[in-house]
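The structure under discussion appears below in the form of C-alpha cells.
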Amino acid sequence: MGYVAVKGGNEAIEKACQLFAYERTKGQSPPLGIDQIREQLYLAIDRVMGEGSLYAPDLAALAIKQSAGDTFEASFMLRAFRATQQRLGYSLPVSTEKMRVVRRISSAFKDIPGGQILGATSDYTLRLLDFDLLKNDEARRCAFREKVFSNLPTDAEIPSAFPKVISILRREGLLADTIEAAHKESRLSDITRQPLAFPASRSASLQALARGETGGMLALAYSSMRGYGNIHPTLGELRIGYLPLTMPHPVTGKPYVVGEVKVTEAEVLARMQGSDGVPRFSLGYGLCFGQNELKAISMAMLDRCTRTEKPSSPVEDQEFVLYHIDGIEAMGFCNHWKLPHYVDFLSDLDRLRKAQNLARTRNLSENADADV
Amino acid sequence: MLMYEWLQKDDELRADKAQTAGYPFGFMDDGAKKEIRRSILKAVAIPGYQAPYGSREMPIARGWGTGGIQITLSIVKPDDILKVIDQGCDGSVNAVNIKKFVAMVAGVTITTDTTAATIIQTRHRIPEERMTDQQILVLQVPYPEALREVEPSEIETRRMHAEADYSRMWLYLYEDIVNYGEITISYRYPVTVNGRYITDPSPIPRWDVPKLHMSETLFLFGAGREKRIYAIPPHTTVAPLEFEDHKFRTENFSGKACTRCGATDTYLDEVIDNAGVGRSYFCSDSGYCDKRRKTWNR
Amino acid sequence: MEPLIRIRNLSKRFGDGCIRCLESTGPQHDTNLCSCCGSVMACNNVSFDLFHNEALGVVGESGSGKSTLVRLLHFEWEASGGCVELHQSAWPCNLPGIFTGGSDYSCNLLGLSHFQKRQLRNALMGIVYQNPHIGLRMHVSSGGNIAERLLGAGWRHIGRMRHRSSELLEKTEIPVARMDEPPCNFSGGMQQRVQIAKALSNNPLILFLDEVTTGLDLSVQARALDLIRNLRSEFNLSMLVVSHDLGVINLLCQRTMVMKSGHVVESGLTDQILQDPQHRYTQLLVASQL
C-alpha cells in the first residue's frame, strides 16, 4: 500500500527528504564550496537573490547548493529565511545616477553622454560550447586573466557618474511627466505586510514586479513585444552597477552609507498621448537585484503595460500580471497538485456517475419515443 | 478569568516555550500574530466574508496549507492539543509535515483523537465525530473565492459580494441542471452563510457541508497564497445553494461499508486493488476508523 | 394624470469639464464637444415626463445623446447631474420604500446606492439593445438568459422558471424547443426576440428599446415592430423608443422628442411633429426621411 493509506506516512517522508540530500552527495566529486558557487555561478546567485527578495550572496549560494540548482527552491528558501529576520529599518531613497556603473547602454541613441559601456556581457558571445573548459587548467586560467588586462590604454578617462538618458528627454519635453500617482502616496505600501488590492499603488506594483520570477515575467513581456498590446518599446537605458545603501543613524538620524548593492535598472520608452493633447513618450521602469537584464527589461515592459488605460490583452491587465508572476506562490500551487486529492476526486466521481446515469436514461427514453 | 488575566497567563507560558524552541513562539513575530488575530475577529464578525490579511512567508510552500498554519499559529496556546488531518487521514504527507512544524515552534501535544483535540487543522475534510464548543476547526483553503468559477477577476468578485449581485452564480447552477440534469459541483459546493455571503467551504465533499450549519464549533478558513481569512461562527445558518425542485444531495454510499471497521455512515475512500480490478472501501476519517475498530474487536 | 417617472435636468459629461462647456455646446453650435476643454456634453439638461402605458420616441442622429439618455435611465452610467423621480404607485412592493413625507414621488433615484439601483432596475425596467451581444450572454442557453433576470429577483424553482421562459418565448414567437440552445446559434432577428423575452421576464413597467430594429432586414424589422406593439398593449408597458428612423417612431410612439447635440430641441405628439415640425433641425430630419 502507498504512503497515504492509514499509517507509515511519517517514515516515508523522512526517507524522501534524506534521499533528496543523498542524490546531491552520492557522487565522487568534491562538495561544492559556497565561494565557488558565489564566484563562478554569480548570475544564478543574482537571479535567486532577486526572486527571493533578499540581497545575501552567501545565503543565496547556500540555497543553490542545498537545492541542487533548483532556483525556484533556492528562492523559496531565501524568502522563508527573510521572513524570520527582524526588520531593522528602511534605507533612504537614492538616485540611480549615483550608481557605480559597470555596464551601461542605450538603444535609443547611437551615442550618449558618458558613452556606451558594454561591460561584462554574454550578448555578443558566439554560443559555441568551449570544450577547453572541460579541463581545469589552473595555469591557463592565470594566463587568461593576465591577458585580459594587458595592453590597455592608460589614459582612458572614466566618468565618475553617468547622466540618465531619460533626463535628456525630459528636459526637451519629450517625456511625460513623472507619474503623479507616485507623488500622491503619503506612505509607501509594503506588500509583505498587506495583501495586494487593485488597482495597486505604484509602490506595491513595483515591489511585486521586483521580486517576480524571471521566466514568468519574460513570457508575459514577450507576448507584449510580439504584439499582444500596443506598447512599441525602445530601451532608453540599461545600467548595471552598485548603488550605495544609505541608512539613517538610529540615534542622530544622519545618513550613513552602510554598504552597496548591485542592481540592474532598465528604462523603456513607449508612446502615449499626453493629457494636454501633446503626444509624449511614456516610461516603463524596471529594477532588480544583481545582474538580471532579462528580468529588468521585462519588468519595465510590464510596468508600462499594466498602466495602459484600456487593457486589450492579459498582459495589460494589472491584476492578471501581478497575481501570476510570483515564483514562490506559483510554484507552491503548481506543486500542491501532487498532494492527495482523493476525497475531492471521489466526490467528483460520484457526480460524474450520477450525471452519466441521467444522460443514459434520457437517451433511452428519447430512443423509446423515437421508436413509437 | 478576565480577558487581561488570560492574556497575561498566556504571555508567561509562551515566553517559556520560546526559549526552548529557539524561534519566537509560534514561529511568527508578535506583530504578525496580532494582525492575523485581528483579521480573524473581523472574519468572525462578518460570517462568510473574506477578510484580506498580510499573509506571511512560511517554510512550507504556498498551496500546502500556509493559510491554515498561520491561523493555527496565531491562536495556539502551549497547552492546546492539536490534531492535523489531510483528506481525513492523520498519517497523510501534508498532515505529518504540518504537525511536525507546529509541534516544533509551539511545543503542543499532538493527538489523532478528534474528541481529545482542542484545535484541529484539516485539509479537505471535516471529522466524522461532531465537534464541540470547546474546539476550533481550522480549514486549509486553496480557492477562497466561491464566484471564481463564473468570474476570474478579483476586482469584479469583490464588487459582486459587496452588492450581493449573485445572479451569475445561480445562472451557472441553472445551466448545469439544463445540461446535465444535476448540479455537477462536487467539492467546494457554494453555500450561503448567515443569509448574506456566498462562501466557498473549501474542497470538502458534499458529505461534510451539512456539518457547517448551526454547529457548536467555530470554523476558521485560511487561504495563505490568496491572502484571505474567513469564518463561520457557531450557530450560524449555512445553506447550500439549491433549487426548490432540485435539492442539494450528498454523495451516495448505500450498499457500501468500511472494510476495516464496518461503518456504513461515514465518507468512504474507494481504493482500487493491485490487480486493478476489485474495489474496497475505507473510512476517510482514519482516526474515527481506528476507534471503531478498537470497540468492534472488543 | 400624473407621470410615471419625472426626469429633470438630466446631464452627462465625458471629460473634466470647464465653465465654457454649457455655452459652447448644443444645437446652435452643431456640436456636443466643448471647444475649450475637449469634454463631451452628451446629455445637456434633458427634462421630460413618461406616463403609464405610453410609448415615447426619442429621435436624432448619432451623437445626439439619445442612447446616452437610455444608459443613464437604465442606471448603467453615472449621470453628471439631474433628478429622476418615480411615482409612488410604481414602486415595487417588495422593496423597502424611499418616499418621504406626503410626496407622491420618490427621492432622486440617481442618488441611490448601486445595490438599490440594481434592485430597482431588476424589478422595474427591461432593455433591448441594438446589438444582441450586449444584451445577451451568447453562450448561455436562451432559457438561461431569461432565467438570469428571474434568479436576480429571487426565483428558486427550476420548473417554474422554465415554464415562465417558455411562456415568454412563445409570446416572442421563438420555438420553445430551442429554449436550451444558446443564442449564438440564432439569426439576428431571433436574437432580438430573445432579448425582448428576457426584458419582459420580470413584468417591468418600463421598457427601453435602443435602436432595436436597426441592422435587421426590412421584413424582419416589420415582424419585430409588430411584436413590440402587441406586447405593449398586452403588458401595459411604458416604452422609451430610441431610433434615428422616423418610420419606427411613427409606428410605435404617440409622443416624440427630438434630440440634437445633447439637447431636446422639440417634443410633442408624433403626428404633429412629423406633419408640422417647428425646429429647423426637425424640419431637416423630416424632409430627409419622409
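Convention: chains lettered A, B, ... in C-alpha cells order; per-chain residue numbering from 1; ligands numbered from 1 as shown.
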Using only C-alpha atoms, what does the table of chain B residues within 8 Å of chain C look like, with each row giving the shortest atom pair and its distance in Å to one decimal, sorted by chain and ascending number, as CSV?
```
residue,atom,partner,partner_atom,distance
B:Glu163,CA,C:Phe115,CA,5.2
B:Ala164,CA,C:Phe115,CA,7.7
B:Asp165,CA,C:Gly152,CA,7.7
B:Tyr166,CA,C:Gly152,CA,7.3
B:Ser167,CA,C:Gly152,CA,4.9
B:Arg168,CA,C:Glu148,CA,7.1
B:Trp170,CA,C:Leu151,CA,6.6
B:Leu171,CA,C:Glu148,CA,5.7
B:Tyr174,CA,C:Gly144,CA,7.0
B:Glu175,CA,C:Gly144,CA,6.5
B:Val178,CA,C:Asp180,CA,7.0
B:Glu242,CA,C:Arg156,CA,7.7
B:Phe243,CA,C:Arg156,CA,5.0
B:Glu244,CA,C:His157,CA,5.0
B:Asp245,CA,C:His157,CA,5.8
B:His246,CA,C:Ile158,CA,7.5
```
- Message: Run DSSP on the backbone and tell me which residues of region 27-96 of chain C come out as helix (DSSP H, G or I); list them as JSON, numbers by chain.
- Response: {"C": [66, 67, 68, 69, 70, 71, 72, 73, 88, 89, 90]}
Preceding selection exported with N, CA and C atoms as an mmCIF file, in the first residue's frame:
```
data_model
loop_
_atom_site.group_PDB
_atom_site.id
_atom_site.type_symbol
_atom_site.label_atom_id
_atom_site.label_comp_id
_atom_site.auth_asym_id
_atom_site.auth_seq_id
_atom_site.Cartn_x
_atom_site.Cartn_y
_atom_site.Cartn_z
ATOM 1 N N LYS C 66 -29.211 60.426 -27.593
ATOM 2 C CA LYS C 66 -30.383 59.601 -27.288
ATOM 3 C C LYS C 66 -30.017 58.277 -26.623
ATOM 4 N N SER C 67 -28.913 57.654 -27.080
ATOM 5 C CA SER C 67 -28.505 56.401 -26.434
ATOM 6 C C SER C 67 -27.973 56.655 -25.040
ATOM 7 N N THR C 68 -27.274 57.780 -24.891
ATOM 8 C CA THR C 68 -26.768 58.145 -23.554
ATOM 9 C C THR C 68 -27.927 58.267 -22.580
ATOM 10 N N LEU C 69 -29.000 58.868 -23.061
ATOM 11 C CA LEU C 69 -30.181 59.045 -22.217
ATOM 12 C C LEU C 69 -30.665 57.706 -21.672
ATOM 13 N N VAL C 70 -30.725 56.715 -22.559
ATOM 14 C CA VAL C 70 -31.178 55.391 -22.147
ATOM 15 C C VAL C 70 -30.225 54.783 -21.119
ATOM 16 N N ARG C 71 -28.946 54.895 -21.361
ATOM 17 C CA ARG C 71 -27.965 54.343 -20.425
ATOM 18 C C ARG C 71 -28.078 54.978 -19.051
ATOM 19 N N LEU C 72 -28.376 56.277 -19.023
ATOM 20 C CA LEU C 72 -28.498 56.959 -17.739
ATOM 21 C C LEU C 72 -29.732 56.486 -16.995
ATOM 22 N N LEU C 73 -30.856 56.392 -17.720
ATOM 23 C CA LEU C 73 -32.095 55.996 -17.054
ATOM 24 C C LEU C 73 -32.078 54.525 -16.642
ATOM 25 N N GLN C 88 -45.118 57.025 -6.734
ATOM 26 C CA GLN C 88 -45.344 56.063 -5.651
ATOM 27 C C GLN C 88 -46.010 54.774 -6.117
ATOM 28 N N SER C 89 -46.990 54.920 -7.012
ATOM 29 C CA SER C 89 -47.761 53.755 -7.436
ATOM 30 C C SER C 89 -46.905 52.742 -8.174
ATOM 31 N N ALA C 90 -45.768 53.190 -8.693
ATOM 32 C CA ALA C 90 -44.918 52.289 -9.478
ATOM 33 C C ALA C 90 -43.882 51.571 -8.628
#
```
- Find the residues in chain A near chain B: any atom within 8 Å counts, using only C-alpha atoms. Write them as number ranges by chain. A: 3-10, 13, 76-77, 79-81, 83-84, 191-195, 198, 319, 328-336, 339-344, 346-348, 350-352, 355, 358-359
- Give as a VMD selection string every residue of chain C that touches chain A within 12 Å, counting only C-alpha atoms. chain C and resid 15 to 16 36 to 38
Residue subset to file, keeping N, CA and C atoms, as a PDB file, in the first residue's frame:
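Below is the file that was written, part-v1.pdb:
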```
ATOM      1  N   GLY C  15     -15.407  63.786 -19.554  1.00  0.00           N
ATOM      2  CA  GLY C  15     -14.253  64.681 -19.533  1.00  0.00           C
ATOM      3  C   GLY C  15     -14.306  65.562 -18.301  1.00  0.00           C
ATOM      4  N   ASP C  16     -13.284  66.378 -18.131  1.00  0.00           N
ATOM      5  CA  ASP C  16     -13.169  67.152 -16.891  1.00  0.00           C
ATOM      6  C   ASP C  16     -14.151  68.308 -16.804  1.00  0.00           C
ATOM      7  N   CYS C  36     -13.286  74.371 -25.669  1.00  0.00           N
ATOM      8  CA  CYS C  36     -12.305  74.853 -24.702  1.00  0.00           C
ATOM      9  C   CYS C  36     -11.554  73.719 -24.019  1.00  0.00           C
ATOM     10  N   CYS C  37     -12.260  72.732 -23.480  1.00  0.00           N
ATOM     11  CA  CYS C  37     -11.587  71.689 -22.698  1.00  0.00           C
ATOM     12  C   CYS C  37     -11.664  70.316 -23.333  1.00  0.00           C
ATOM     13  N   GLY C  38     -12.378  70.165 -24.423  1.00  0.00           N
ATOM     14  CA  GLY C  38     -12.455  68.858 -25.079  1.00  0.00           C
ATOM     15  C   GLY C  38     -13.453  67.903 -24.451  1.00  0.00           C
TER      16      GLY C  38
END
```
- Item | Interatomic distance, CA of Phe208 (chain C) to CA of Val258 (chain C) (Å, one decimal) |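 So the two atoms, CA of Phe208 (chain C) and CA of Val258 (chain C), lie 16.5 Å apart.
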- Query: Between A:Leu349, A:Ile166, A:Ala296, A:Val315, which one has atoms that come closest to Ile231 (chain A), using only C-alpha atoms?
  - Reply: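 Among the listed residues, the smallest separation from Ile231 (chain A) belongs to A:Val315.
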So that I can check the surroundings of Ile240 (chain A), please list as a tab-separated table (two decimals) with N, CA and C atoms, in the first residue's frame every protein, DNA and RNA residue that reaches within 7 Å of it, counting only C-alpha atoms and ignoring chain neighbours fewer than 5 positions away.
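Output (result.tsv):
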```tsv
chain	number	residue	atom	x	y	z
A	101	VAL	N	28.79	52.48	-12.00
A	101	VAL	CA	28.36	51.72	-13.18
A	101	VAL	C	29.39	50.70	-13.63
A	102	VAL	N	28.95	49.49	-13.95
A	102	VAL	CA	29.84	48.52	-14.59
A	102	VAL	C	29.38	48.18	-16.00
A	103	ARG	N	28.15	48.57	-16.31
A	103	ARG	CA	27.64	48.33	-17.66
A	103	ARG	C	26.55	49.34	-17.90
A	104	ARG	N	26.53	49.94	-19.12
A	104	ARG	CA	25.52	50.96	-19.34
A	104	ARG	C	25.34	51.20	-20.82
A	263	VAL	N	22.64	46.26	-8.62
A	263	VAL	CA	21.30	46.21	-9.21
A	263	VAL	C	21.38	46.37	-10.72
A	264	THR	N	20.30	45.94	-11.36
A	264	THR	CA	20.11	46.18	-12.80
A	264	THR	C	18.90	47.09	-12.94
A	265	GLU	N	19.05	48.15	-13.74
A	265	GLU	CA	17.95	49.08	-13.93
A	265	GLU	C	17.67	49.22	-15.42
A	291	GLN	N	22.75	41.21	-11.44
A	291	GLN	CA	22.73	41.41	-12.88
A	291	GLN	C	21.70	40.46	-13.47
```
- Mind checking which residues fall within 7 Å of region 191-200 of chain C, counting only C-alpha atoms, ignoring those fewer than 6 positions away in the same chain, and posting them as a list in words? Gly126, Ile127, Val128, Pro132, Gly135, Leu136, Ser142, Asn145, Ile146, Leu168, Leu169, Thr172 and Pro183 of chain C
- All residues 9 Å or closer to region 41-44 of chain A, only C-alpha atoms, same chain fewer than 3 positions away omitted, as a ChimeraX atom specification: /A:36-38,47-49,57,60-61,64,69,71,290-292
- Considering only C-alpha atoms, return as a ChimeraX atom specification whatever protein or nucleic-acid residues lie within 12 Å of region 123-126 of chain A, sequence-local ones (same chain, fewer than 4 positions apart) excluded. /A:118-119,130,293-294
- Message: Excluding Arg280 (chain A) and its own-chain neighbours fewer than 4 positions away, which residues fall within 6 Å of it when counting only C-alpha atoms? Please give them as a ChimeraX atom specification.
- Response: /A:174-176,272,274
- Message: So that I can check the secondary structure, give me every residue of region 191-235 of chain B assigned strand (DSSP E) by backbone DSSP, as number ranges by chain.
- Response: B: 191-193, 197-199, 218-223, 228-232
